[in-house]
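What follows is a short report on a single structure.
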Amino acid sequence: MKSRTRIIPTVAVLVVLALAPLFLDSYSLDVLTGGLIYGLMAMGLAVLVGQAGLPSLGHAAFLGVGGYAAGLLAVHVTANPLAGLLAAALVGAVLSVLLGVISMRAQGIYFLMVSLAVAELIHAITMTTDFTGGDNGLSGIPTPEIPALDALGLPHVVSVYWYVLVVAVVVLILVQLLVAAPLGRAITGSADNADRMRALGYNIATVRVSALVISGVAVAVGGALLTQKDVFIAPTALAPDTSILLLVMVLVGGARSLVGPLIAGIGLVVIRSYTSSTIGDYWVRALGAIFVLTVYFLPNGLAGLLSRRRAAPEPSTSEEAVRVG
Amino acid sequence: MSAETVLSLKNVRKRYGAVTVTDDVSFTVDRGDRVALIGPNGAGKTTLFNLIAGRTPVSSGSIELNGRDITTSREEVRCRAGIGRTFQHSELFASLDATGNVLMALRRRHGISRSIIPSRKREARLTVEAHEFLDAVGLDPRGSSRVSDLSHGQRRQLEVAMALALEPDLLLFDEPTAGMSGAETRTFSELVSNLPRSLAMILIEHDLDVVFALADKVIVLAAGAVIAEGEPSTIRGSAEVQDAYLGTNLGEVFL
């Protein structure tokens, strides 16, 4: 019943997004493409922060390894964008498992510090190795070939936009399904009460690594999309600012939700792009203000605002107890 | 050791530095046994449960479950091997309702806890099963209230439902009736006495009415050591137990 009431607005939003190239100029479309990518990454991080209860300040690392994997593959092997996504997903999964092993017993602030350290390590590696182009970044990445869209003779910015939109929707659906599956319930259960989970026979370490992999793969795929859109990636993309930005997107959108961070991701990128000419360096301060105001007035983020309006009496059947959307 | 032995403790000892909290404890529990573990506060009853369930590692000695050495197994491995427990202080999923809590146990027991495919049909089937367990412990399955809305006694009942949902060979009840109302305690006693004799249980219990009504064997623990073991009638009459238990007349305090 609940899902039926959601179908119409969801389809409406998708139709508007799909038709966006008809009424947006190419700069705006490029901004929206970036927004979708960041929204996708924020959604991936939300799985870890909201579902698994592990706040990460290092998810720029996943953006980075995904972005560099896709870029290096395109430079040296193939410009097929799907191969790039696959490579990014694989590298993202490996890094997730590594982070999971390193941070085995770390919770809360300790996990935050470990994730930050790992991200800075990878940041430093990209800056100092020739293979990745060092400080200058990885250039000479060929334009991704999207045969189905290129054949239509569309402007490149439009085909990239549609490609990103399709990938974002597919990832959103996959992550929604995973969260609703028993594995997703185990992830929220472990965040809720790890002691009880062990006494029920759950292996907490496996559950945690699963959450890290879901989250890491989604962000790495976002990183690959970013590289494919810009045909460039540099170490600055892996700086702590990016991790902070992603975490703020999650909190503004509502960590327990997936769609909320997606919307917050799009929104913040759009705001940043259109205010950079006027407020410039004050953007970081503006972001801080947005963050403080959200924590103060919307502790459950945008998603909390939506669900409060939708359902006055708290929904509390077991099906809805673990919020999916 | 008979083939029916479910749990066997041999010289189990637990030390924290110079403090010995469990001292050379040995006993066996057979299939169908209902053992009550009694003793004054601080006797080491909950510690013993934690040693059996694997929450705390033993310092020395060995523990066998169904003939298999589990002394060094992790807690979740022991649970899968057949140990279900309730906690002295309820350990529940605060964000879920009663049914959701039992479902967490059922998904694991049915081996689908790592499934990445959501299925409404499967969840509906498990929900029916969860309601049966809630019904059995006297909780209204249709009441979909969150854990935070449950009374203290209802939380204890939910703990029992979750332990039962694991269908263990060995059930560990840590003060299940503490905080329950008289009616809830009677429901619980009835439930336990109707449990199949295919499972063994150990019960930490301060309500001696419950102990003598349910247990067919009593183990008395004091200062980490077993000071008496036997049938309830024997223990009830033992002057040594009364003395060590509280240093006073047991009858005056409890009976």
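Ordering of the structure tokens sets the chain letters (A, B, ...), residue numbers begin anew at 1 in every chain, and ligands are numbered from 1 in the order given.
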
Using only C-alpha atoms, I'd like a table of the residues in chain A that come within 7 Å of chain B; for each, show the closest atom pair and its distance in Å rounded to one decimal, ordered by chain and ascending number, as JSON lines.
```
{"residue": "A:Leu177", "atom": "CA", "partner": "B:Pro118", "partner_atom": "CA", "distance": 6.3}
{"residue": "A:Leu178", "atom": "CA", "partner": "B:Ile116", "partner_atom": "CA", "distance": 5.5}
{"residue": "A:Ala180", "atom": "CA", "partner": "B:Pro118", "partner_atom": "CA", "distance": 5.8}
{"residue": "A:Ala181", "atom": "CA", "partner": "B:Pro118", "partner_atom": "CA", "distance": 3.9}
{"residue": "A:Pro182", "atom": "CA", "partner": "B:Ser113", "partner_atom": "CA", "distance": 5.2}
{"residue": "A:Leu183", "atom": "CA", "partner": "B:Arg114", "partner_atom": "CA", "distance": 4.6}
{"residue": "A:Ala186", "atom": "CA", "partner": "B:Ser113", "partner_atom": "CA", "distance": 6.7}
{"residue": "A:Gly189", "atom": "CA", "partner": "B:Phe93", "partner_atom": "CA", "distance": 6.7}
{"residue": "A:Asp192", "atom": "CA", "partner": "B:Phe93", "partner_atom": "CA", "distance": 5.9}
{"residue": "A:Asn193", "atom": "CA", "partner": "B:Phe93", "partner_atom": "CA", "distance": 6.0}
{"residue": "A:Arg196", "atom": "CA", "partner": "B:Glu91", "partner_atom": "CA", "distance": 5.7}
{"residue": "A:Arg198", "atom": "CA", "partner": "B:Glu76", "partner_atom": "CA", "distance": 4.9}
{"residue": "A:Ala199", "atom": "CA", "partner": "B:Glu76", "partner_atom": "CA", "distance": 5.9}
{"residue": "A:Leu200", "atom": "CA", "partner": "B:Ala105", "partner_atom": "CA", "distance": 5.8}
{"residue": "A:Gly201", "atom": "CA", "partner": "B:Glu76", "partner_atom": "CA", "distance": 3.9}
{"residue": "A:Tyr202", "atom": "CA", "partner": "B:Glu76", "partner_atom": "CA", "distance": 5.7}
{"residue": "A:Asn203", "atom": "CA", "partner": "B:Glu76", "partner_atom": "CA", "distance": 6.2}
{"residue": "A:Ser316", "atom": "CA", "partner": "B:Ser144", "partner_atom": "CA", "distance": 6.6}
{"residue": "A:Thr317", "atom": "CA", "partner": "B:Ser144", "partner_atom": "CA", "distance": 5.6}
{"residue": "A:Ser318", "atom": "CA", "partner": "B:Gly100", "partner_atom": "CA", "distance": 5.0}
{"residue": "A:Ala321", "atom": "CA", "partner": "B:Leu96", "partner_atom": "CA", "distance": 5.5}
```

Writing out the chosen residues with N, CA, C and O atoms as a compact mmCIF listing (two decimals), in the first residue's frame:
```
# COMPACT_ATOMS: atom_id res chain seq x y z
N LEU A 177 16.95 -2.56 -2.59
CA LEU A 177 16.64 -3.98 -2.45
C LEU A 177 17.53 -4.62 -1.38
O LEU A 177 17.06 -5.39 -0.53
N LEU A 178 18.82 -4.30 -1.43
CA LEU A 178 19.75 -4.87 -0.45
C LEU A 178 19.37 -4.50 0.97
O LEU A 178 19.42 -5.32 1.89
N ALA A 180 16.45 -3.76 2.08
CA ALA A 180 15.21 -4.42 2.49
C ALA A 180 15.39 -5.93 2.66
O ALA A 180 14.56 -6.59 3.28
N ALA A 181 16.48 -6.47 2.13
CA ALA A 181 16.73 -7.92 2.21
C ALA A 181 17.20 -8.28 3.62
O ALA A 181 17.58 -7.41 4.40
N PRO A 182 17.18 -9.57 3.96
CA PRO A 182 17.65 -9.99 5.28
C PRO A 182 19.04 -9.45 5.63
O PRO A 182 19.28 -9.07 6.77
N LEU A 183 19.93 -9.36 4.64
CA LEU A 183 21.26 -8.82 4.92
C LEU A 183 21.15 -7.38 5.42
O LEU A 183 21.84 -6.99 6.37
N ALA A 186 20.03 -7.33 8.91
CA ALA A 186 21.14 -7.71 9.79
C ALA A 186 22.07 -6.52 10.01
O ALA A 186 22.60 -6.32 11.11
N GLY A 189 20.33 -4.24 12.40
CA GLY A 189 20.31 -4.93 13.70
C GLY A 189 21.65 -4.84 14.41
O GLY A 189 21.71 -4.63 15.62
N ASP A 192 22.02 -1.51 15.84
CA ASP A 192 21.09 -1.33 16.95
C ASP A 192 21.60 -2.02 18.22
O ASP A 192 21.65 -1.43 19.30
N ASN A 193 21.98 -3.29 18.11
CA ASN A 193 22.40 -4.04 19.29
C ASN A 193 23.31 -5.21 18.88
O ASN A 193 22.85 -6.32 18.64
N ARG A 196 23.26 -8.43 21.09
CA ARG A 196 22.11 -9.31 20.86
C ARG A 196 22.29 -10.08 19.56
O ARG A 196 21.96 -11.26 19.46
N ARG A 198 25.05 -11.12 18.19
CA ARG A 198 25.96 -12.24 18.41
C ARG A 198 25.25 -13.38 19.12
O ARG A 198 25.42 -14.54 18.78
N ALA A 199 24.43 -13.01 20.10
CA ALA A 199 23.72 -14.04 20.86
C ALA A 199 22.62 -14.69 20.02
O ALA A 199 22.04 -15.70 20.43
N LEU A 200 22.32 -14.12 18.86
CA LEU A 200 21.38 -14.77 17.94
C LEU A 200 22.13 -15.57 16.88
O LEU A 200 21.52 -16.15 16.00
N GLY A 201 23.46 -15.54 16.95
CA GLY A 201 24.25 -16.34 16.02
C GLY A 201 24.75 -15.59 14.81
O GLY A 201 25.22 -16.20 13.85
N TYR A 202 24.63 -14.26 14.82
CA TYR A 202 25.12 -13.48 13.68
C TYR A 202 26.61 -13.20 13.84
O TYR A 202 27.07 -12.92 14.94
N ASN A 203 27.32 -13.26 12.73
CA ASN A 203 28.73 -12.88 12.72
C ASN A 203 28.81 -11.38 12.39
O ASN A 203 28.64 -10.98 11.24
N SER A 316 4.83 1.77 12.71
CA SER A 316 5.68 0.93 13.55
C SER A 316 5.42 -0.55 13.35
O SER A 316 5.65 -1.35 14.23
N THR A 317 4.89 -0.94 12.18
CA THR A 317 4.85 -2.38 11.95
C THR A 317 6.25 -2.82 11.58
O THR A 317 7.09 -2.01 11.21
N SER A 318 6.49 -4.10 11.69
CA SER A 318 7.86 -4.57 11.48
C SER A 318 8.33 -4.27 10.07
O SER A 318 9.50 -4.07 9.82
N ALA A 321 9.55 -0.71 10.20
CA ALA A 321 10.43 -0.31 11.29
C ALA A 321 11.82 0.02 10.76
O ALA A 321 12.46 0.95 11.20
```

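For A:Ser56, the set of protein, DNA and RNA residues having any atom at most 7 Å away, when counting only C-alpha atoms and skipping those fewer than 6 positions along the same chain, is Val49, Phe111, Leu112 and Ser115 of chain A.
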
Save the residues we just selected, all heavy atoms, as a compact mmCIF listing (two decimals), in the first residue's frame?
```txt
# COMPACT_ATOMS: atom_id res chain seq x y z
N VAL A 49 26.46 5.08 7.26
CA VAL A 49 26.21 5.98 8.39
C VAL A 49 24.87 5.66 9.04
O VAL A 49 24.77 5.49 10.26
CB VAL A 49 26.25 7.46 7.95
CG1 VAL A 49 25.96 8.38 9.12
CG2 VAL A 49 27.59 7.79 7.32
N PHE A 111 36.05 4.79 14.44
CA PHE A 111 35.90 4.40 13.04
C PHE A 111 36.11 5.62 12.15
O PHE A 111 36.76 5.54 11.10
CB PHE A 111 34.51 3.80 12.80
CG PHE A 111 34.32 3.37 11.37
CD1 PHE A 111 34.84 2.17 10.93
CD2 PHE A 111 33.67 4.19 10.47
CE1 PHE A 111 34.70 1.79 9.61
CE2 PHE A 111 33.53 3.83 9.14
CZ PHE A 111 34.05 2.61 8.71
N LEU A 112 35.58 6.76 12.61
CA LEU A 112 35.74 8.01 11.87
C LEU A 112 37.23 8.31 11.63
O LEU A 112 37.65 8.64 10.53
CB LEU A 112 35.12 9.15 12.70
CG LEU A 112 34.71 10.40 11.97
CD1 LEU A 112 33.27 10.28 11.50
CD2 LEU A 112 34.82 11.59 12.90
N SER A 115 38.86 5.74 9.20
CA SER A 115 38.47 5.97 7.81
C SER A 115 39.19 7.21 7.26
O SER A 115 39.64 7.21 6.11
CB SER A 115 36.95 6.14 7.71
OG SER A 115 36.51 7.28 8.41
```

DSSP-assigned alpha helix (DSSP H) among stretch 47-284 of chain A, expressed as a PyMOL selection string: chain A and resi 60-76+81-102+108-128+147-150+156-180+182-192+194-199+204-230+240-253+259-279+283-284

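Our summary of the geometry notes that atom CA of A:Thr143 is positioned 15.0 Å from atom CA of A:Ala69.
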
Write out as an mmCIF file with N, CA and C atoms, in the first residue's frame the residues lying within 10 Å of stretch 84-95 of chain A, counting only C-alpha atoms and excluding same-chain residues fewer than 4 positions away.
```cif
data_model
loop_
_atom_site.group_PDB
_atom_site.id
_atom_site.type_symbol
_atom_site.label_atom_id
_atom_site.label_comp_id
_atom_site.auth_asym_id
_atom_site.auth_seq_id
_atom_site.Cartn_x
_atom_site.Cartn_y
_atom_site.Cartn_z
ATOM 1 N N ALA A 61 38.061 8.436 -0.361
ATOM 2 C CA ALA A 61 38.970 7.382 -0.814
ATOM 3 C C ALA A 61 38.282 6.483 -1.829
ATOM 4 N N PHE A 62 37.004 6.181 -1.592
ATOM 5 C CA PHE A 62 36.283 5.303 -2.521
ATOM 6 C C PHE A 62 36.021 6.025 -3.830
ATOM 7 N N LEU A 63 35.664 7.323 -3.715
ATOM 8 C CA LEU A 63 35.529 8.133 -4.926
ATOM 9 C C LEU A 63 36.845 8.061 -5.710
ATOM 10 N N GLY A 64 37.950 8.208 -4.979
ATOM 11 C CA GLY A 64 39.265 8.237 -5.619
ATOM 12 C C GLY A 64 39.629 6.935 -6.296
ATOM 13 N N VAL A 65 39.535 5.836 -5.579
ATOM 14 C CA VAL A 65 39.955 4.571 -6.200
ATOM 15 C C VAL A 65 39.034 4.224 -7.367
ATOM 16 N N GLY A 66 37.747 4.538 -7.230
ATOM 17 C CA GLY A 66 36.814 4.291 -8.341
ATOM 18 C C GLY A 66 37.163 5.156 -9.536
ATOM 19 N N GLY A 67 37.412 6.437 -9.251
ATOM 20 C CA GLY A 67 37.726 7.375 -10.315
ATOM 21 C C GLY A 67 39.019 7.034 -11.028
ATOM 22 N N TYR A 68 40.049 6.726 -10.251
ATOM 23 C CA TYR A 68 41.343 6.369 -10.868
ATOM 24 C C TYR A 68 41.264 5.024 -11.597
ATOM 25 N N ALA A 69 40.511 4.079 -11.032
ATOM 26 C CA ALA A 69 40.388 2.772 -11.704
ATOM 27 C C ALA A 69 39.761 2.960 -13.079
ATOM 28 N N ALA A 70 38.666 3.735 -13.119
ATOM 29 C CA ALA A 70 37.990 3.957 -14.396
ATOM 30 C C ALA A 70 38.888 4.738 -15.353
ATOM 31 N N GLY A 71 39.586 5.747 -14.802
ATOM 32 C CA GLY A 71 40.451 6.571 -15.641
ATOM 33 C C GLY A 71 41.610 5.780 -16.219
ATOM 34 N N LEU A 72 42.286 5.011 -15.359
ATOM 35 C CA LEU A 72 43.440 4.232 -15.820
ATOM 36 C C LEU A 72 43.025 3.170 -16.831
ATOM 37 N N LEU A 73 41.858 2.575 -16.574
ATOM 38 C CA LEU A 73 41.370 1.559 -17.510
ATOM 39 C C LEU A 73 41.116 2.192 -18.878
ATOM 40 N N ALA A 74 40.503 3.387 -18.846
ATOM 41 C CA ALA A 74 40.199 4.066 -20.106
ATOM 42 C C ALA A 74 41.480 4.465 -20.841
ATOM 43 N N VAL A 77 43.407 0.599 -21.414
ATOM 44 C CA VAL A 77 42.765 -0.615 -21.936
ATOM 45 C C VAL A 77 41.578 -0.309 -22.853
ATOM 46 N N THR A 78 40.494 0.203 -22.276
ATOM 47 C CA THR A 78 39.291 0.386 -23.081
ATOM 48 C C THR A 78 38.516 1.614 -22.621
ATOM 49 N N ALA A 79 37.879 2.279 -23.574
ATOM 50 C CA ALA A 79 37.067 3.448 -23.252
ATOM 51 C C ALA A 79 35.613 3.059 -23.015
ATOM 52 N N ASN A 80 35.350 1.761 -22.941
ATOM 53 C CA ASN A 80 33.984 1.308 -22.652
ATOM 54 C C ASN A 80 33.610 1.714 -21.225
ATOM 55 N N LEU A 99 39.383 -1.891 4.582
ATOM 56 C CA LEU A 99 38.982 -0.961 5.636
ATOM 57 C C LEU A 99 38.253 -1.722 6.748
ATOM 58 N N GLY A 100 37.443 -2.691 6.347
ATOM 59 C CA GLY A 100 36.714 -3.501 7.322
ATOM 60 C C GLY A 100 37.646 -4.269 8.235
ATOM 61 N N VAL A 101 38.704 -4.805 7.652
ATOM 62 C CA VAL A 101 39.655 -5.579 8.456
ATOM 63 C C VAL A 101 40.439 -4.660 9.392
ATOM 64 N N VAL A 118 42.836 6.199 6.453
ATOM 65 C CA VAL A 118 42.936 5.398 5.225
ATOM 66 C C VAL A 118 42.772 6.306 4.005
ATOM 67 N N PRO A 144 34.293 8.711 -22.894
ATOM 68 C CA PRO A 144 33.645 7.395 -22.853
ATOM 69 C C PRO A 144 32.780 7.167 -24.087
ATOM 70 N N VAL A 167 22.503 4.914 -14.594
ATOM 71 C CA VAL A 167 23.343 4.231 -13.598
ATOM 72 C C VAL A 167 22.873 4.577 -12.183
ATOM 73 N N VAL A 209 31.357 -5.819 7.252
ATOM 74 C CA VAL A 209 32.083 -5.756 5.981
ATOM 75 C C VAL A 209 31.089 -5.675 4.822
ATOM 76 N N SER A 210 29.960 -6.390 4.931
ATOM 77 C CA SER A 210 28.945 -6.305 3.872
ATOM 78 C C SER A 210 28.462 -4.867 3.705
ATOM 79 N N LEU A 212 30.073 -2.167 4.508
ATOM 80 C CA LEU A 212 31.172 -1.384 3.925
ATOM 81 C C LEU A 212 31.260 -1.605 2.422
ATOM 82 N N VAL A 213 31.062 -2.855 1.994
ATOM 83 C CA VAL A 213 31.179 -3.158 0.569
ATOM 84 C C VAL A 213 30.043 -2.489 -0.211
ATOM 85 N N ILE A 214 28.810 -2.600 0.284
ATOM 86 C CA ILE A 214 27.679 -1.964 -0.408
ATOM 87 C C ILE A 214 27.962 -0.472 -0.569
ATOM 88 N N SER A 215 28.371 0.145 0.544
ATOM 89 C CA SER A 215 28.618 1.572 0.547
ATOM 90 C C SER A 215 29.814 1.938 -0.334
ATOM 91 N N GLY A 216 30.915 1.182 -0.171
ATOM 92 C CA GLY A 216 32.141 1.480 -0.913
ATOM 93 C C GLY A 216 31.961 1.314 -2.410
ATOM 94 N N VAL A 217 31.240 0.279 -2.818
ATOM 95 C CA VAL A 217 31.034 0.045 -4.248
ATOM 96 C C VAL A 217 30.201 1.177 -4.849
ATOM 97 N N ALA A 218 29.157 1.591 -4.134
ATOM 98 C CA ALA A 218 28.310 2.673 -4.663
ATOM 99 C C ALA A 218 29.130 3.951 -4.853
ATOM 100 N N VAL A 219 29.966 4.285 -3.866
ATOM 101 C CA VAL A 219 30.763 5.519 -3.967
ATOM 102 C C VAL A 219 31.835 5.385 -5.050
ATOM 103 N N ALA A 220 32.433 4.193 -5.161
ATOM 104 C CA ALA A 220 33.451 3.985 -6.201
ATOM 105 C C ALA A 220 32.833 4.118 -7.594
ATOM 106 N N VAL A 221 31.624 3.608 -7.763
ATOM 107 C CA VAL A 221 30.926 3.753 -9.044
ATOM 108 C C VAL A 221 30.686 5.237 -9.316
ATOM 109 N N GLY A 222 30.323 5.981 -8.260
ATOM 110 C CA GLY A 222 30.160 7.429 -8.413
ATOM 111 C C GLY A 222 31.457 8.080 -8.856
ATOM 112 N N GLY A 223 32.574 7.636 -8.262
ATOM 113 C CA GLY A 223 33.878 8.183 -8.639
ATOM 114 C C GLY A 223 34.188 7.925 -10.105
ATOM 115 N N ALA A 224 33.841 6.715 -10.571
ATOM 116 C CA ALA A 224 34.072 6.370 -11.971
ATOM 117 C C ALA A 224 33.240 7.270 -12.884
ATOM 118 N N LEU A 225 31.979 7.486 -12.496
ATOM 119 C CA LEU A 225 31.109 8.360 -13.298
ATOM 120 C C LEU A 225 31.677 9.773 -13.387
ATOM 121 N N THR A 227 34.826 10.692 -13.153
ATOM 122 C CA THR A 227 35.968 10.683 -14.075
ATOM 123 C C THR A 227 35.491 10.639 -15.525
ATOM 124 N N GLN A 228 34.489 9.800 -15.786
ATOM 125 C CA GLN A 228 34.002 9.662 -17.161
ATOM 126 C C GLN A 228 33.350 10.951 -17.647
#
```
